[in-house]
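Quick notes on the structure that follows.
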Amino acid sequence: MKASSERYQSKIVLALDLENKDPQTLVQKCEEILEDVYGYICAVKINRQLVLALGLRTVSEIVRKAHERSLPVIMDAKLNDVGHTNSFMMESYIHAGFDAVIASPITGWRGGMDSVFELARRNDKGIILLVYMSNPGAEQFYSMMTGTGDEQKPIFEVFTQMAIEWGADGLVVGSTHPEIIRRVRTLLGPSMGIYSPGVGTQGGDAKKALEFGSTYLIVGRTIYASTSPRDTARELCKSTK
Ligand code: O7M
């Protein structure tokens, strides 16, 4: 991610969340948008909705197209099941060529995240953990206090601690919660990447997120649903260098 971000002078991860009932049109649109914003993004994120619509084999072709442009591709699987099914999903995503997979630390380590990290390490892939979501209701759970007495802290701080202990490669914190980004950055130190979705359409401020500690911005509709995705990506890229 660091090399790609430097190469393209961009902090933007394109969320490729396009929809179309016709699979062939959908693939074509994905490739068109990749071509259009090429040069202004540093990575691509693919959601489960695209895998549902196209199947993993076709999605792996899109991954290959992104790789041809030297762009890393992240699978937003939000993995959160028990070990053996997590392993199966992880193996499938690795086989499809993804460079990193997003998982949720909510399972805990033993029989949950342990196999995910083990597979990632063995195959030289990254794991990015979901620490605080961008939606307005995220506070209900992610800010919930846990522990007793002096040990009390919000769940997102526990997740941040887990990410450090487990050796995660990055964290997701919504751009719509800049104060949380600041707190997570303080706990993390400077080295681990914070990926922040929710820029633009969901109300998140790109510059503020970066100023408060984010490393990368995950951006979907603001770019691909704009009248000129290329111009929008270029402007966002330039204004957040
Ligand atoms: O820019 P948008 O709003 O069109 O899309 C945002 C993308 O970020 C979309 O792909 C979501 O799945 C993702 N996302 C969130 O919007 N909020 C979150 O809290 C977390 C994610 C995400 O990427 O999770 C890993």
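Please note that chains go A, B, ... in the order of the structure tokens, that every chain numbers its residues from 1, and that ligands are numbered from 1 in the order shown.
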
Report task. Can you tell me which residues come within 8 Å of ligand 1 when counting only C-alpha atoms and all ligand atoms, ideally as a PyMOL selection string? Result -> chain A and resi 15-17+45-47+76-78+102-103+128-130+132-135+138+172-174+195-202+218-223

Query raised in the report: Contacts of Ser115 (chain A) at 12 Å or less, counting only C-alpha atoms, minus same-chain residues fewer than 5 places along, as number ranges by chain?
Result: A: 79-91, 103, 107-110, 120-122, 127, 166

Report task. Determine, counting only C-alpha atoms, which protein, DNA and RNA residues have an atom within 8 Å of an atom of Asp169 (chain A); residues of the same chain fewer than 2 positions away are not included. Present the result as a PyMOL selection string. Result -> chain A and resi 126-128+167+171+192-193

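Among the residues of region 120-183 of chain A, backbone DSSP assigns strand (DSSP E or B) to Gly126, Ile127, Ile128, Leu129, Leu130, Val131, Tyr132, Met145, Thr146, Lys153, Pro154, Gly170, Leu171, Val172 and Val173 of chain A.
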
If you count only C-alpha atoms, which residues fall within 12 Å of Asp231 (chain A), apart from same-chain ones fewer than 2 positions away, as a tab-separated table (two decimals) with C-alpha atoms, in the first residue's frame?
chain	number	residue	atom	x	y	z
A	33	ILE	CA	-14.24	2.96	-14.05
A	36	ASP	CA	-11.13	6.15	-15.94
A	37	VAL	CA	-9.68	6.82	-12.49
A	38	TYR	CA	-6.34	5.14	-13.17
A	39	GLY	CA	-3.50	7.34	-11.95
A	40	TYR	CA	-5.54	8.93	-9.14
A	222	THR	CA	-18.50	10.26	-4.51
A	223	ILE	CA	-16.26	9.12	-7.37
A	224	TYR	CA	-18.10	6.51	-9.44
A	225	ALA	CA	-21.55	8.15	-9.24
A	226	SER	CA	-20.26	11.63	-10.13
A	227	THR	CA	-20.77	13.11	-13.59
A	228	SER	CA	-17.05	12.78	-14.27
A	229	PRO	CA	-15.41	10.08	-12.13
A	233	ALA	CA	-10.90	11.36	-8.52
A	234	ARG	CA	-8.24	13.80	-9.75
A	235	GLU	CA	-9.58	16.65	-7.60
A	236	LEU	CA	-9.87	14.47	-4.50
A	237	CYS	CA	-6.42	13.03	-5.11
A	238	LYS	CA	-4.86	16.48	-5.54

Requested in this report: List every residue of region 34-99 of chain A that DSSP, applied to the backbone of this structure, assigns to alpha helix (DSSP H), and report them as a ChimeraX atom specification.
Outcome: /A:34-37,48-54,56-68,83-95

Requested write-out: C-alpha atoms of the selected residues, as an mmCIF file, in the first residue's frame:
data_model
loop_
_atom_site.group_PDB
_atom_site.id
_atom_site.type_symbol
_atom_site.label_atom_id
_atom_site.label_comp_id
_atom_site.auth_asym_id
_atom_site.auth_seq_id
_atom_site.Cartn_x
_atom_site.Cartn_y
_atom_site.Cartn_z
ATOM 1 C CA LEU A 34 -10.826 1.431 -13.276
ATOM 2 C CA GLU A 35 -9.493 2.786 -16.557
ATOM 3 C CA ASP A 36 -11.135 6.147 -15.945
ATOM 4 C CA VAL A 37 -9.678 6.822 -12.488
ATOM 5 C CA ARG A 48 -19.215 -9.068 -1.185
ATOM 6 C CA GLN A 49 -22.031 -7.576 -3.279
ATOM 7 C CA LEU A 50 -19.804 -7.768 -6.375
ATOM 8 C CA VAL A 51 -18.858 -11.360 -5.551
ATOM 9 C CA LEU A 52 -22.570 -12.223 -5.190
ATOM 10 C CA ALA A 53 -23.405 -10.616 -8.509
ATOM 11 C CA LEU A 54 -20.492 -12.019 -10.515
ATOM 12 C CA LEU A 56 -15.532 -15.179 -7.408
ATOM 13 C CA ARG A 57 -14.055 -16.453 -10.683
ATOM 14 C CA THR A 58 -15.225 -13.392 -12.640
ATOM 15 C CA VAL A 59 -14.229 -11.096 -9.767
ATOM 16 C CA SER A 60 -10.734 -12.595 -9.936
ATOM 17 C CA GLU A 61 -10.533 -11.295 -13.524
ATOM 18 C CA ILE A 62 -11.223 -7.785 -12.216
ATOM 19 C CA VAL A 63 -8.516 -8.332 -9.578
ATOM 20 C CA ARG A 64 -6.155 -9.311 -12.387
ATOM 21 C CA LYS A 65 -7.044 -6.156 -14.356
ATOM 22 C CA ALA A 66 -6.253 -4.021 -11.299
ATOM 23 C CA HIS A 67 -2.960 -5.882 -10.809
ATOM 24 C CA GLU A 68 -2.032 -5.172 -14.436
ATOM 25 C CA GLY A 83 -12.274 -20.757 12.317
ATOM 26 C CA HIS A 84 -13.039 -23.459 9.776
ATOM 27 C CA THR A 85 -15.458 -21.367 7.681
ATOM 28 C CA ASN A 86 -13.245 -18.297 8.028
ATOM 29 C CA SER A 87 -10.376 -20.424 6.705
ATOM 30 C CA PHE A 88 -12.417 -21.617 3.752
ATOM 31 C CA MET A 89 -13.411 -18.045 2.835
ATOM 32 C CA MET A 90 -9.886 -16.772 3.358
ATOM 33 C CA GLU A 91 -8.450 -19.502 1.116
ATOM 34 C CA SER A 92 -10.981 -18.652 -1.602
ATOM 35 C CA TYR A 93 -10.075 -14.958 -1.519
ATOM 36 C CA ILE A 94 -6.362 -15.744 -1.541
ATOM 37 C CA HIS A 95 -6.900 -18.051 -4.507
#

Distance table requested - region 176-205 of chain A against region 149-159 of chain A, cut-off 12 Å, only C-alpha atoms: one row per qualifying residue with the closest atom pair and its distance in Å to one decimal, ordered by chain and rising residue number, as CSV.
residue,atom,partner,partner_atom,distance
A:Ile180,CA,A:Phe156,CA,8.6
A:Ile181,CA,A:Phe156,CA,10.5
A:Arg182,CA,A:Glu157,CA,11.7
A:Arg183,CA,A:Glu157,CA,8.4
A:Val184,CA,A:Glu157,CA,7.1
A:Arg185,CA,A:Glu157,CA,10.6
A:Thr186,CA,A:Glu157,CA,10.6
A:Leu187,CA,A:Glu157,CA,8.0
A:Leu188,CA,A:Glu157,CA,9.9

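Restricting the calculation to only C-alpha atoms, the smallest distance between Phe141 (chain A) and any of A:Val101, A:Met1, A:Ile164, A:Ile106 is found for A:Ile106.
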